[in-house]
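**Q** Sending over a structure as structure tokens; questions will come in a sec.
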Amino acid sequence: MDTDNDGILDIVSSSYYNGGFLFKGLGNGQYKKGENIVFADGSKMGSKDTKGGFTGCSINYTDWDHDGDNDLLVSDLFNQGTNVFINEGSDKNPKYSNKKIPVKTVSNNPIRSFSLLYYDWDKDGKNDFIGGGLGLAVVFYKNIGTKNEPKFADFEYLIGNKDSYSKKMKYWASMRGKVNEKPSESEWPEDKWHISIADYNADGKDDILIGDNYRQITENKDLTEEGKKKAIQLKQKMDELNRISNSLRSEIRAITSKARKEGTDPSKVKIPEDMINKLNDITKQKNQLYPELRKYSLTNSEAFGRVWVFLRK
Ligand SMILES: [Ca+2]
Ligand SMILES: [Ca+2]
Ligand SMILES: [Ca+2]
Ligand SMILES: [Ca+2]
């Protein structure tokens with residue numbers, strides 16, 4: 001997108017914890033080093049005093065107030081929902097207001113999305129929101145207001161449904177520790193969806209493209225027979241340490257929840273020192289084991305993204 005209307009496309013990249021980055025286009029395929037998007041007061045998007053765009057943010061540039069310059073539309077999955085920051089500078093020298101304008105649905109529900117597009121999906125001349133991502137579904141917030149004063153209905157599902165995530169959780173649990181040599185074994189995109197809209201099959205109807213984050217687990221064929229034995233031993237050792245630490249943690253939880261029931265502030269409850277020491281010791285042992293466990297792993301794991309096309313009917 002061309003964020004500063006200088007006729008050269010720029011690249012905007014959002015991150016999970018560090019806000020949004022702008023790679024200003026210099027022309028001839030060259031880009032300036034990525035810089036955090038800054039607000040009018042100089043604070044950076046994604047910094048501690050964040051105004052938006054901290055956890056899993058998605059950034060759109062759009063002329064929200066119809067005054068001829070691009071404003072900043074930021075959605076943030078967990079903390080802030082979706083907010084607009086009006087451009088108080090100029091077209092070529094944007095300065096995004098320190099004051100956020102929250103965008104909510106007509107029922108006052110926040111618009112939370114890992115990947116959000118401000119786009120006229122139903123072609124009625126008014127931009128709607130298409131969102132989704134971590135819930136492993138794509139949703140549509142219809143603009144039921146006007147072009148200049150948008151109002152958004154609560155979402156309806158375009159792809160997937162409210163059960164998509166729990167279904168996938170079950171699938172992930174069933175695949176834990178197993179090899180999956182063929183990506184086609186999963187018939188649904190993995191997590192961290194990024195959504196794009198394009199008429200993929202040129203039939204005049206917008207389609208949805210999803211980029212996912214896929215982890216392929218293959219057998220580690222480099223291990224010798226000796227190495228395999230060692231790998232199994234190390235895994236058993238780690239499983240045992242996990243078992244002990246899980247049981248310690250649930251004992252500690254039981255103590256704090258008993259205190260809560262009795263009306264005591266759980267943060268003031270004294271956890272027996274030997275329990276804390278034991279837990280710290282187990283954590284130390286686990287940390288020492290990790291490097292070796294990685295060296296002698298029965299499987300290799302490779303992360304990459306795939307692109308899925310959902311054709312509009
Ligand atoms: Ca530009
Ligand atoms: Ca504007
Ligand atoms: Ca519309
Ligand atoms: Ca199409």
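Letters A, B, ... mark the chains of the structure tokens in the order given; residue numbers begin at 1 per chain; ligand numbers begin at 1, in order shown.
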Using only C-alpha atoms and all ligand atoms, which residues have at least one atom no more than 10 Å from ligand 2? Output them as a PDB file with N, CA and C atoms, in the first residue's frame.
**A**
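Ended up saving to out_32.pdb:
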```
ATOM      1  N   TYR A  61      -4.521   1.220   6.173  1.00  0.00           N
ATOM      2  CA  TYR A  61      -4.512   2.666   5.933  1.00  0.00           C
ATOM      3  C   TYR A  61      -5.764   2.966   5.134  1.00  0.00           C
ATOM      4  N   THR A  62      -6.575   3.867   5.658  1.00  0.00           N
ATOM      5  CA  THR A  62      -7.807   4.195   4.960  1.00  0.00           C
ATOM      6  C   THR A  62      -8.205   5.621   5.318  1.00  0.00           C
ATOM      7  N   ASP A  63      -8.883   6.295   4.423  1.00  0.00           N
ATOM      8  CA  ASP A  63      -9.310   7.662   4.726  1.00  0.00           C
ATOM      9  C   ASP A  63     -10.620   7.593   5.508  1.00  0.00           C
ATOM     10  N   TRP A  64     -10.504   7.365   6.817  1.00  0.00           N
ATOM     11  CA  TRP A  64     -11.658   7.122   7.685  1.00  0.00           C
ATOM     12  C   TRP A  64     -12.591   8.336   7.760  1.00  0.00           C
ATOM     13  N   ASP A  65     -11.981   9.545   7.852  1.00  0.00           N
ATOM     14  CA  ASP A  65     -12.799  10.753   8.031  1.00  0.00           C
ATOM     15  C   ASP A  65     -13.034  11.493   6.711  1.00  0.00           C
ATOM     16  N   HIS A  66     -12.676  10.858   5.607  1.00  0.00           N
ATOM     17  CA  HIS A  66     -12.947  11.403   4.266  1.00  0.00           C
ATOM     18  C   HIS A  66     -12.473  12.845   4.094  1.00  0.00           C
ATOM     19  N   ASP A  67     -11.237  13.124   4.554  1.00  0.00           N
ATOM     20  CA  ASP A  67     -10.702  14.476   4.331  1.00  0.00           C
ATOM     21  C   ASP A  67      -9.530  14.443   3.344  1.00  0.00           C
ATOM     22  N   GLY A  68      -9.380  13.309   2.688  1.00  0.00           N
ATOM     23  CA  GLY A  68      -8.395  13.228   1.607  1.00  0.00           C
ATOM     24  C   GLY A  68      -7.053  12.632   1.995  1.00  0.00           C
ATOM     25  N   ASP A  69      -6.814  12.375   3.297  1.00  0.00           N
ATOM     26  CA  ASP A  69      -5.550  11.704   3.648  1.00  0.00           C
ATOM     27  C   ASP A  69      -5.822  10.373   4.359  1.00  0.00           C
ATOM     28  N   ASN A  70      -4.846   9.508   4.313  1.00  0.00           N
ATOM     29  CA  ASN A  70      -4.989   8.188   4.931  1.00  0.00           C
ATOM     30  C   ASN A  70      -4.882   8.265   6.452  1.00  0.00           C
ATOM     31  N   ASP A  71      -5.802   7.622   7.127  1.00  0.00           N
ATOM     32  CA  ASP A  71      -5.732   7.490   8.574  1.00  0.00           C
ATOM     33  C   ASP A  71      -5.310   6.052   8.886  1.00  0.00           C
ATOM     34  N   LEU A  72      -5.048   5.836  10.156  1.00  0.00           N
ATOM     35  CA  LEU A  72      -4.533   4.529  10.563  1.00  0.00           C
ATOM     36  C   LEU A  72      -5.641   3.740  11.257  1.00  0.00           C
ATOM     37  N   PHE A  85      -6.844   5.963  14.286  1.00  0.00           N
ATOM     38  CA  PHE A  85      -6.011   7.099  14.668  1.00  0.00           C
ATOM     39  C   PHE A  85      -6.036   8.072  13.490  1.00  0.00           C
ATOM     40  N   ILE A  86      -6.691   9.202  13.690  1.00  0.00           N
ATOM     41  CA  ILE A  86      -6.884  10.153  12.592  1.00  0.00           C
ATOM     42  C   ILE A  86      -5.553  10.841  12.248  1.00  0.00           C
ATOM     43  N   ASN A  87      -5.331  10.997  10.963  1.00  0.00           N
ATOM     44  CA  ASN A  87      -4.130  11.685  10.481  1.00  0.00           C
ATOM     45  C   ASN A  87      -4.331  13.188  10.631  1.00  0.00           C
ATOM     46  N   GLU A  88      -3.572  13.777  11.570  1.00  0.00           N
ATOM     47  CA  GLU A  88      -3.686  15.228  11.802  1.00  0.00           C
ATOM     48  C   GLU A  88      -2.612  15.986  11.029  1.00  0.00           C
ATOM     49  N   GLY A  89      -1.775  15.238  10.340  1.00  0.00           N
ATOM     50  CA  GLY A  89      -0.752  15.888   9.521  1.00  0.00           C
ATOM     51  C   GLY A  89      -1.291  16.051   8.119  1.00  0.00           C
ATOM     52  N   SER A  90      -0.453  15.781   7.167  1.00  0.00           N
ATOM     53  CA  SER A  90      -0.903  15.925   5.789  1.00  0.00           C
ATOM     54  C   SER A  90      -0.764  14.578   5.085  1.00  0.00           C
ATOM     55  N   ASP A  91      -1.211  14.598   3.859  1.00  0.00           N
ATOM     56  CA  ASP A  91      -1.134  13.427   3.024  1.00  0.00           C
ATOM     57  C   ASP A  91       0.300  12.896   2.939  1.00  0.00           C
ATOM     58  N   PRO A  94       2.299  12.341   7.191  1.00  0.00           N
ATOM     59  CA  PRO A  94       1.240  11.946   8.127  1.00  0.00           C
ATOM     60  C   PRO A  94       1.660  12.037   9.593  1.00  0.00           C
ATOM     61  N   TYR A  96      -0.233  10.706  13.073  1.00  0.00           N
ATOM     62  CA  TYR A  96      -1.420  10.003  13.553  1.00  0.00           C
ATOM     63  C   TYR A  96      -1.720  10.395  14.991  1.00  0.00           C
TER      64      TYR A  96
END
```
**Q** Which residues are near ligand 3 in this structure, taking near to mean any atom at most 8 Å from a ligand atom and counting only C-alpha atoms and all ligand atoms? Format them as a list in words.
**A**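 With only C-alpha atoms and all ligand atoms and a cut-off of 8 Å, ligand 3 is contacted by Tyr119, Asp120, Trp121, Asp122, Lys123, Asp124, Gly125, Lys126, Asn127, Asp128, Lys142, Asn143 and Ile144 of chain A.
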**Q** How close does each residue of chain A get to ligand 1, giving the shortest atom pair and distance in Å to one decimal for every residue with an atom at most 7 Å away, counting only C-alpha atoms and all ligand atoms, sorted by chain and residue number, as a Markdown table?
**A**
```
| residue | atom | partner | partner_atom_place_in_ligand_line | distance |
| --- | --- | --- | --- | --- |
| A:Asp2 | CA | ligand 1 | 1 (Ca) | 4.2 |
| A:Thr3 | CA | ligand 1 | 1 (Ca) | 5.2 |
| A:Asp4 | CA | ligand 1 | 1 (Ca) | 4.7 |
| A:Asn5 | CA | ligand 1 | 1 (Ca) | 5.3 |
| A:Asp6 | CA | ligand 1 | 1 (Ca) | 4.8 |
| A:Gly7 | CA | ligand 1 | 1 (Ca) | 5.7 |
| A:Ile8 | CA | ligand 1 | 1 (Ca) | 4.2 |
| A:Leu9 | CA | ligand 1 | 1 (Ca) | 4.8 |
| A:Asp10 | CA | ligand 1 | 1 (Ca) | 4.9 |
| A:Lys24 | CA | ligand 1 | 1 (Ca) | 6.1 |
| A:Gly25 | CA | ligand 1 | 1 (Ca) | 5.5 |
```
**Q** Would you name the residues within 7 Å of ligand 4, counting only C-alpha atoms and all ligand atoms, and put them as a list in words?
**A**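 For ligand 4, the residues inside 7 Å are Asp199, Tyr200, Asn201, Ala202, Asp203, Gly204, Lys205, Asp206, Asp207, Leu311 and Arg312 of chain A.
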**Q** The selected residues should be written to file as a PDB file, in the first residue's frame (atoms: C-alpha atoms).
**A**
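Produced file out_7.pdb, reproduced below:
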```
ATOM      1  CA  ASP A 199     -10.862 -12.769  -7.425  1.00  0.00           C
ATOM      2  CA  TYR A 200      -8.649 -15.829  -7.697  1.00  0.00           C
ATOM      3  CA  ASN A 201     -10.577 -17.629 -10.440  1.00  0.00           C
ATOM      4  CA  ALA A 202     -11.631 -14.450 -12.307  1.00  0.00           C
ATOM      5  CA  ASP A 203     -15.363 -15.216 -12.170  1.00  0.00           C
ATOM      6  CA  GLY A 204     -16.224 -11.693 -10.980  1.00  0.00           C
ATOM      7  CA  LYS A 205     -16.736 -12.785  -7.366  1.00  0.00           C
ATOM      8  CA  ASP A 206     -14.266 -11.999  -4.576  1.00  0.00           C
ATOM      9  CA  ASP A 207     -12.526 -15.024  -3.088  1.00  0.00           C
ATOM     10  CA  LEU A 311     -13.727 -19.643  -3.655  1.00  0.00           C
ATOM     11  CA  ARG A 312     -16.864 -17.579  -3.201  1.00  0.00           C
TER      12      ARG A 312
END
```
**Q** By how many Å are atom CA of A:Met1 and atom CA of A:Tyr31 apart?
**A**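 Going from atom CA of A:Met1 over to atom CA of A:Tyr31 covers 12.9 Å.
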**Q** Please identify which residues in stretch 5-143 of chain A DSSP calls strand (DSSP E) from the backbone, and express them as a VMD selection string.
**A** chain A and resid 11 to 14 20 to 23 25 to 27 30 to 31 35 to 36 57 to 62 71 to 76 81 to 85 101 to 103 117 to 119 128 to 132 138 to 141
**Q** Write a file of the just-selected residues containing N, CA and C atoms, as a CSV table (one decimal), in the first residue's frame.
**A**
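Saved file result33.csv follows:
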```csv
chain,number,residue,atom,x,y,z
A,11,ILE,N,5.7,-1.0,2.2
A,11,ILE,CA,5.3,-2.2,2.8
A,11,ILE,C,5.0,-2.0,4.3
A,12,VAL,N,3.9,-2.5,4.8
A,12,VAL,CA,3.6,-2.4,6.2
A,12,VAL,C,3.5,-3.8,6.7
A,13,SER,N,4.2,-4.0,7.8
A,13,SER,CA,4.2,-5.3,8.4
A,13,SER,C,3.8,-5.3,9.8
A,14,SER,N,2.9,-6.2,10.2
A,14,SER,CA,2.5,-6.1,11.6
A,14,SER,C,3.1,-7.3,12.3
A,20,GLY,N,3.4,-2.3,14.6
A,20,GLY,CA,3.5,-2.3,13.2
A,20,GLY,C,4.8,-1.6,12.7
A,21,PHE,N,5.3,-2.1,11.6
A,21,PHE,CA,6.5,-1.6,11.0
A,21,PHE,C,6.2,-1.0,9.6
A,22,LEU,N,6.8,0.1,9.3
A,22,LEU,CA,6.7,0.6,7.9
A,22,LEU,C,8.1,0.5,7.2
A,23,PHE,N,8.0,-0.1,6.0
A,23,PHE,CA,9.2,-0.1,5.1
A,23,PHE,C,8.9,0.9,4.0
A,25,GLY,N,8.7,2.8,0.7
A,25,GLY,CA,9.2,2.5,-0.6
A,25,GLY,C,10.0,3.7,-1.2
A,26,LEU,N,11.2,3.4,-1.7
A,26,LEU,CA,12.1,4.5,-2.2
A,26,LEU,C,12.1,4.5,-3.8
A,27,GLY,N,11.3,3.5,-4.3
A,27,GLY,CA,11.3,3.4,-5.8
A,27,GLY,C,12.3,2.4,-6.3
A,30,GLN,N,13.4,-0.5,-4.1
A,30,GLN,CA,14.2,-0.3,-2.9
A,30,GLN,C,13.3,0.1,-1.7
A,31,TYR,N,13.6,-0.3,-0.5
A,31,TYR,CA,12.8,0.1,0.7
A,31,TYR,C,13.8,0.6,1.8
A,35,GLU,N,10.8,0.7,10.2
A,35,GLU,CA,10.7,1.5,11.4
A,35,GLU,C,9.3,1.3,12.0
A,36,ASN,N,9.3,1.3,13.3
A,36,ASN,CA,8.0,1.2,14.1
A,36,ASN,C,7.1,2.4,13.6
A,57,CYS,N,-1.3,-7.6,15.9
A,57,CYS,CA,-2.0,-6.5,15.3
A,57,CYS,C,-2.1,-6.6,13.8
A,58,SER,N,-3.1,-5.9,13.3
A,58,SER,CA,-3.3,-5.9,11.8
A,58,SER,C,-3.5,-4.4,11.5
A,59,ILE,N,-2.9,-3.9,10.4
A,59,ILE,CA,-2.9,-2.5,10.1
A,59,ILE,C,-3.5,-2.2,8.7
A,60,ASN,N,-4.4,-1.2,8.7
A,60,ASN,CA,-5.0,-0.8,7.4
A,60,ASN,C,-4.8,0.7,7.4
A,61,TYR,N,-4.5,1.2,6.2
A,61,TYR,CA,-4.5,2.7,5.9
A,61,TYR,C,-5.8,3.0,5.1
A,62,THR,N,-6.6,3.9,5.7
A,62,THR,CA,-7.8,4.2,5.0
A,62,THR,C,-8.2,5.6,5.3
A,71,ASP,N,-5.8,7.6,7.1
A,71,ASP,CA,-5.7,7.5,8.6
A,71,ASP,C,-5.3,6.1,8.9
A,72,LEU,N,-5.0,5.8,10.2
A,72,LEU,CA,-4.5,4.5,10.6
A,72,LEU,C,-5.6,3.7,11.3
A,73,LEU,N,-5.9,2.5,10.8
A,73,LEU,CA,-6.9,1.7,11.4
A,73,LEU,C,-6.1,0.4,11.9
A,74,VAL,N,-6.2,0.3,13.2
A,74,VAL,CA,-5.4,-0.8,13.8
A,74,VAL,C,-6.2,-1.8,14.6
A,75,SER,N,-6.1,-3.0,14.3
A,75,SER,CA,-6.8,-4.0,15.1
A,75,SER,C,-5.8,-4.8,15.9
A,76,ASP,N,-6.3,-5.1,17.1
A,76,ASP,CA,-5.4,-5.8,18.0
A,76,ASP,C,-6.2,-6.9,18.7
A,81,GLY,N,-8.8,-4.3,20.8
A,81,GLY,CA,-9.9,-4.3,19.8
A,81,GLY,C,-9.4,-3.5,18.6
A,82,THR,N,-10.3,-2.8,17.9
A,82,THR,CA,-10.0,-2.1,16.7
A,82,THR,C,-10.1,-0.6,17.0
A,83,ASN,N,-9.1,0.2,16.6
A,83,ASN,CA,-9.1,1.6,16.8
A,83,ASN,C,-8.7,2.4,15.6
A,84,VAL,N,-9.2,3.6,15.5
A,84,VAL,CA,-8.8,4.5,14.4
A,84,VAL,C,-7.9,5.6,15.0
A,85,PHE,N,-6.8,6.0,14.3
A,85,PHE,CA,-6.0,7.1,14.7
A,85,PHE,C,-6.0,8.1,13.5
A,101,ILE,N,-9.8,6.3,18.4
A,101,ILE,CA,-11.2,6.2,18.4
A,101,ILE,C,-11.6,4.7,18.3
A,102,PRO,N,-12.2,4.1,19.3
A,102,PRO,CA,-12.5,2.7,19.2
A,102,PRO,C,-13.7,2.5,18.2
A,103,VAL,N,-13.5,1.4,17.5
A,103,VAL,CA,-14.6,1.0,16.6
A,103,VAL,C,-15.2,-0.3,17.1
A,117,LEU,N,-9.5,-6.6,7.4
A,117,LEU,CA,-9.5,-5.9,6.2
A,117,LEU,C,-10.7,-4.9,6.2
A,118,TYR,N,-10.5,-3.7,5.7
A,118,TYR,CA,-11.7,-2.8,5.6
A,118,TYR,C,-12.0,-2.7,4.2
A,119,TYR,N,-13.1,-3.4,3.8
A,119,TYR,CA,-13.3,-3.7,2.4
A,119,TYR,C,-14.8,-3.9,2.1
A,128,ASP,N,-16.9,-2.7,4.7
A,128,ASP,CA,-17.2,-3.6,5.8
A,128,ASP,C,-15.9,-4.1,6.4
A,129,PHE,N,-16.0,-4.8,7.5
A,129,PHE,CA,-14.8,-5.5,8.0
A,129,PHE,C,-14.8,-7.0,7.7
A,130,ILE,N,-13.7,-7.5,7.2
A,130,ILE,CA,-13.5,-8.9,7.1
A,130,ILE,C,-12.4,-9.2,8.1
A,131,GLY,N,-12.6,-10.1,9.0
A,131,GLY,CA,-11.6,-10.4,10.0
A,131,GLY,C,-11.5,-11.8,10.3
A,132,GLY,N,-10.6,-12.1,11.3
A,132,GLY,CA,-10.5,-13.5,11.7
A,132,GLY,C,-9.0,-13.8,12.0
A,138,VAL,N,-13.1,-17.0,9.3
A,138,VAL,CA,-13.2,-15.7,8.8
A,138,VAL,C,-14.6,-15.1,9.0
A,139,VAL,N,-14.6,-13.9,9.5
A,139,VAL,CA,-15.9,-13.3,9.8
A,139,VAL,C,-16.2,-12.0,9.1
A,140,PHE,N,-17.4,-11.7,9.0
A,140,PHE,CA,-17.9,-10.5,8.2
A,140,PHE,C,-18.7,-9.6,9.1
A,141,TYR,N,-18.2,-8.3,9.3
A,141,TYR,CA,-19.0,-7.3,10.0
A,141,TYR,C,-19.6,-6.4,9.0
```
**Q** DSSP on the backbone, then: every residue of stretch 52-297 of chain A marked helix (DSSP H, G or I), written as a PyMOL selection string.
**A** chain A and resi 164-175+183-185+225-261+266-268+273-295
**Q** Find the distance between atom CA of A:Glu226 and atom CA of A:Glu302 and write it in Å to one decimal.
**A**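 If I compute the distance from atom CA of A:Glu226 to atom CA of A:Glu302, I get 24.1 Å.
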**Q** Quick one: residues within 8 Å of A:Leu241, only C-alpha atoms counted, chain neighbours fewer than 2 positions away excluded, as an mmCIF file with N, CA and C atoms, in the first residue's frame?
**A**
```cif
data_model
loop_
_atom_site.group_PDB
_atom_site.id
_atom_site.type_symbol
_atom_site.label_atom_id
_atom_site.label_comp_id
_atom_site.auth_asym_id
_atom_site.auth_seq_id
_atom_site.Cartn_x
_atom_site.Cartn_y
_atom_site.Cartn_z
ATOM 1 N N LYS A 237 13.067 -38.822 30.509
ATOM 2 C CA LYS A 237 13.515 -37.993 31.631
ATOM 3 C C LYS A 237 12.702 -36.692 31.663
ATOM 4 N N MET A 238 12.513 -36.089 30.472
ATOM 5 C CA MET A 238 11.753 -34.836 30.408
ATOM 6 C C MET A 238 10.297 -35.062 30.794
ATOM 7 N N ASP A 239 9.729 -36.182 30.318
ATOM 8 C CA ASP A 239 8.331 -36.497 30.678
ATOM 9 C C ASP A 239 8.176 -36.597 32.195
ATOM 10 N N ARG A 243 6.008 -34.340 34.652
ATOM 11 C CA ARG A 243 4.984 -34.919 35.528
ATOM 12 C C ARG A 243 5.111 -34.339 36.937
ATOM 13 N N ILE A 244 6.376 -34.281 37.440
ATOM 14 C CA ILE A 244 6.583 -33.764 38.804
ATOM 15 C C ILE A 244 6.189 -32.286 38.880
ATOM 16 N N SER A 245 6.627 -31.490 37.889
ATOM 17 C CA SER A 245 6.328 -30.052 37.988
ATOM 18 C C SER A 245 4.830 -29.791 37.840
ATOM 19 N N ILE A 282 13.337 -28.314 39.632
ATOM 20 C CA ILE A 282 12.843 -29.046 38.451
ATOM 21 C C ILE A 282 13.000 -28.171 37.198
ATOM 22 N N GLN A 285 16.551 -28.191 36.122
ATOM 23 C CA GLN A 285 16.889 -29.467 35.467
ATOM 24 C C GLN A 285 16.337 -29.517 34.040
ATOM 25 N N LYS A 286 15.113 -28.998 33.867
ATOM 26 C CA LYS A 286 14.504 -28.996 32.525
ATOM 27 C C LYS A 286 15.308 -28.110 31.576
#
```
**Q** May I ask for the distance between atom CA of A:Val269 and atom CA of A:Asn287, given in Å to one decimal place?
**A**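 It comes out at 27.8 Å.
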